[in-house]
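Here is the structure we will look at, set down as structure tokens.
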Amino acid sequence: MNIDLHIHSSFSDGAFTPSELVILAVKNDVRVIAVADHDSVAGVQEAEVTGGNFGIEVLSAVELSVQFNEWQDVHLLGYGVDYRDEEFLQNLDSFRRHRDGRNDEILDRVNELLSAEGLIILDRDLVRSFARDSIGRPHIARALLKSGYAGSVEDAFRRYLVPCNVPKKYWPVDEAIAQIHRIGGVAVLAHPTSITKDTNILASVIADLHSLGLDGVEVYNNMGWPLEIEFLRRTAVDSGLLITAGSDFHGIEDGLEIGRGREGMRFDSALLAPLYERIQQIRR
């Protein structure tokens, strides 16, 4: 049975609605998914309802942007979280308001750059048409593509979105882990090699996060090459950390599919039992 524990919907920076993601999972023979939107759980219920209609199991999830020491924008996945918890929703709403302001400023900067190039600026309604909740940089990238100002999403980021970026607001990592645990979830480090490719440094980072309560590592992902994935697997096994797997699918990446990792790797459901057991331990 194939799984994918890291996909994004249009409630954050994905191209597809939660219902459309469920249908894509069916088409790709993926039976268990986790809609893990950035600082948002708004799409979980829709995914659960549609998943029930199609025989797809949906694990509640969220992806938080956290800061740890000198590293910013470290991504922390929370699995099995109570997505109706009022305190957690209020915290997410605070981040959403900040994110909305940040993305509006990024769009303003992109339009200033377009004007300087003698091009017609992007209409905000066009950008919003690609999003279900607040807009994100991928939605601006899709508007740039639609307007013929970029040849690909990567081109849009390189020419416009990276030069026009505005810093994010981050959770302190210890607070983020504590929040995930408080609402019955498991904390997992997403695509660890996005932090650093230096395995000595990364091993130290994972050990430090483990001491703060980290439960697992996303070993199988689309950012790690085979030797890096094997390093992550051995590190997780030696440390007693959970192993998870996810594509980080947004629907805008060339050649990336739900349920597949680097070089077409499928994600095995054998990873689920330890994850579910840990969720139950935390809830008890």
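Convention: chains lettered A, B, ... in structure tokens order; per-chain residue numbering from 1; ligands numbered from 1 as shown.
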
So that I can see what lies close to range 42-45 of chain A, please list as a list in words the residues with an atom at most 8 Å from it, counting only C-alpha atoms and leaving out residues fewer than 3 positions away in the same chain.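 Those residues are Ser9, Phe11, Thr17, Pro18, Val35, Asp37, Glu48, Val49, Val58, Ser60, Ala61 and Tyr83 of chain A.
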
Please produce a file of those selected residues containing C-alpha atoms, as a tab-separated table (two decimals), in the first residue's frame.
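Generated file (part_22.tsv):
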```
chain	number	residue	atom	x	y	z
A	9	SER	CA	-3.19	22.13	-0.92
A	11	PHE	CA	-5.05	26.44	1.48
A	17	THR	CA	-7.79	21.82	-3.50
A	18	PRO	CA	-7.81	19.12	-0.79
A	35	VAL	CA	-2.34	17.29	3.76
A	37	ASP	CA	-0.16	22.86	4.65
A	48	GLU	CA	-11.00	13.83	5.29
A	49	VAL	CA	-14.55	14.07	3.94
A	58	VAL	CA	-6.26	11.16	5.55
A	60	SER	CA	-4.32	15.26	9.98
A	61	ALA	CA	-1.14	17.29	9.59
A	83	TYR	CA	-6.88	20.53	13.99
```

Would you list, as a PyMOL selection string, the residues of range 13-193 of chain A that end up in strand (DSSP E) under DSSP run on this structure's backbone? chain A and resi 30-35+57-58+61-68+71-79+171-172+186-189

Mind dumping the selected residues with C-alpha atoms as a PDB file, in the first residue's frame?
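Result went into part.pdb, see below:
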```pdb
ATOM      1  CA  VAL A  30      -1.847   6.146  -2.976  1.00  0.00           C
ATOM      2  CA  ARG A  31      -4.065   4.987  -0.117  1.00  0.00           C
ATOM      3  CA  VAL A  32      -2.924   7.154   2.822  1.00  0.00           C
ATOM      4  CA  ILE A  33      -2.121  10.864   2.591  1.00  0.00           C
ATOM      5  CA  ALA A  34      -1.401  13.788   4.899  1.00  0.00           C
ATOM      6  CA  VAL A  35      -2.342  17.288   3.762  1.00  0.00           C
ATOM      7  CA  GLU A  57      -7.217   7.576   4.637  1.00  0.00           C
ATOM      8  CA  VAL A  58      -6.262  11.163   5.555  1.00  0.00           C
ATOM      9  CA  ALA A  61      -1.140  17.285   9.586  1.00  0.00           C
ATOM     10  CA  VAL A  62       0.480  20.701   9.480  1.00  0.00           C
ATOM     11  CA  GLU A  63       3.896  22.057   8.471  1.00  0.00           C
ATOM     12  CA  LEU A  64       5.296  24.798  10.705  1.00  0.00           C
ATOM     13  CA  SER A  65       8.126  27.148   9.767  1.00  0.00           C
ATOM     14  CA  VAL A  66      10.447  27.236  12.781  1.00  0.00           C
ATOM     15  CA  GLN A  67      13.732  28.762  13.870  1.00  0.00           C
ATOM     16  CA  PHE A  68      16.468  26.758  15.551  1.00  0.00           C
ATOM     17  CA  TRP A  71      18.819  28.252  11.090  1.00  0.00           C
ATOM     18  CA  GLN A  72      15.628  29.938   9.951  1.00  0.00           C
ATOM     19  CA  ASP A  73      12.796  28.411   7.956  1.00  0.00           C
ATOM     20  CA  VAL A  74      13.356  24.914   9.280  1.00  0.00           C
ATOM     21  CA  HIS A  75      10.202  22.933   8.518  1.00  0.00           C
ATOM     22  CA  LEU A  76       8.531  20.863  11.205  1.00  0.00           C
ATOM     23  CA  LEU A  77       5.704  18.461  10.385  1.00  0.00           C
ATOM     24  CA  GLY A  78       3.004  17.706  12.942  1.00  0.00           C
ATOM     25  CA  TYR A  79       1.074  14.456  12.417  1.00  0.00           C
ATOM     26  CA  TRP A 171       7.991  29.654  15.566  1.00  0.00           C
ATOM     27  CA  PRO A 172      10.789  29.006  18.087  1.00  0.00           C
ATOM     28  CA  VAL A 186       3.986  13.845  16.538  1.00  0.00           C
ATOM     29  CA  ALA A 187       6.777  16.254  15.544  1.00  0.00           C
ATOM     30  CA  VAL A 188       8.860  15.270  12.499  1.00  0.00           C
ATOM     31  CA  LEU A 189      11.715  17.158  10.821  1.00  0.00           C
TER      32      LEU A 189
END
```

Just the residues within 12 Å of Glu228 in chain A, please, counting only C-alpha atoms, with nothing from its chain fewer than 2 positions along; format it as a PyMOL selection string. chain A and resi 191-194+196-200+202-203+218-226+230-235+262

Export C-alpha atoms of the chosen residues as an mmCIF file, in the first residue's frame?
```cif
data_model
loop_
_atom_site.group_PDB
_atom_site.id
_atom_site.type_symbol
_atom_site.label_atom_id
_atom_site.label_comp_id
_atom_site.auth_asym_id
_atom_site.auth_seq_id
_atom_site.Cartn_x
_atom_site.Cartn_y
_atom_site.Cartn_z
ATOM 1 C CA HIS A 191 13.374 17.220 4.329
ATOM 2 C CA PRO A 192 16.375 17.618 6.690
ATOM 3 C CA THR A 193 18.975 18.226 3.974
ATOM 4 C CA SER A 194 17.289 21.559 3.254
ATOM 5 C CA THR A 196 22.500 21.670 5.402
ATOM 6 C CA LYS A 197 24.171 19.078 3.195
ATOM 7 C CA ASP A 198 27.000 18.693 5.723
ATOM 8 C CA THR A 199 26.136 15.383 7.392
ATOM 9 C CA ASN A 200 28.250 16.090 10.477
ATOM 10 C CA LEU A 202 23.061 17.757 10.274
ATOM 11 C CA ALA A 203 23.640 14.860 12.676
ATOM 12 C CA GLU A 218 11.313 12.620 7.079
ATOM 13 C CA VAL A 219 13.904 10.219 5.685
ATOM 14 C CA TYR A 220 12.306 9.582 2.293
ATOM 15 C CA ASN A 221 11.767 12.878 0.496
ATOM 16 C CA ASN A 222 12.441 14.671 -2.776
ATOM 17 C CA MET A 223 15.317 16.842 -1.578
ATOM 18 C CA GLY A 224 17.698 14.061 -0.541
ATOM 19 C CA TRP A 225 19.844 11.991 -2.885
ATOM 20 C CA PRO A 226 20.270 8.237 -2.229
ATOM 21 C CA GLU A 230 20.666 6.394 3.670
ATOM 22 C CA PHE A 231 22.444 8.720 6.114
ATOM 23 C CA LEU A 232 19.073 9.956 7.397
ATOM 24 C CA ARG A 233 17.767 6.401 7.710
ATOM 25 C CA ARG A 234 20.777 5.268 9.744
ATOM 26 C CA THR A 235 20.640 8.389 11.906
ATOM 27 C CA ARG A 262 13.521 10.856 -5.583
#
```

So how far away is CA of Gly259 in chain A from CA of Ala176 in chain A, in Å?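 Interatomic distance here is 26.7 Å.
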
Go through range 29-102 of chain A and collect every residue that DSSP, computed from the backbone, puts in alpha helix (DSSP H); the answer should be as a list of chain:residue names.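 Filtering range 29-102 of chain A to alpha helix (DSSP H) leaves A:Val44, A:Gln45, A:Glu46, A:Ala47, A:Glu48, A:Val49, A:Thr50, A:Gly51, A:Gly52, A:Asn53, A:Phe54, A:Glu86, A:Glu87, A:Phe88, A:Leu89, A:Gln90, A:Asn91, A:Leu92, A:Asp93, A:Ser94, A:Phe95, A:Arg96, A:Arg97, A:His98, A:Arg99, A:Asp100, A:Gly101, A:Arg102.
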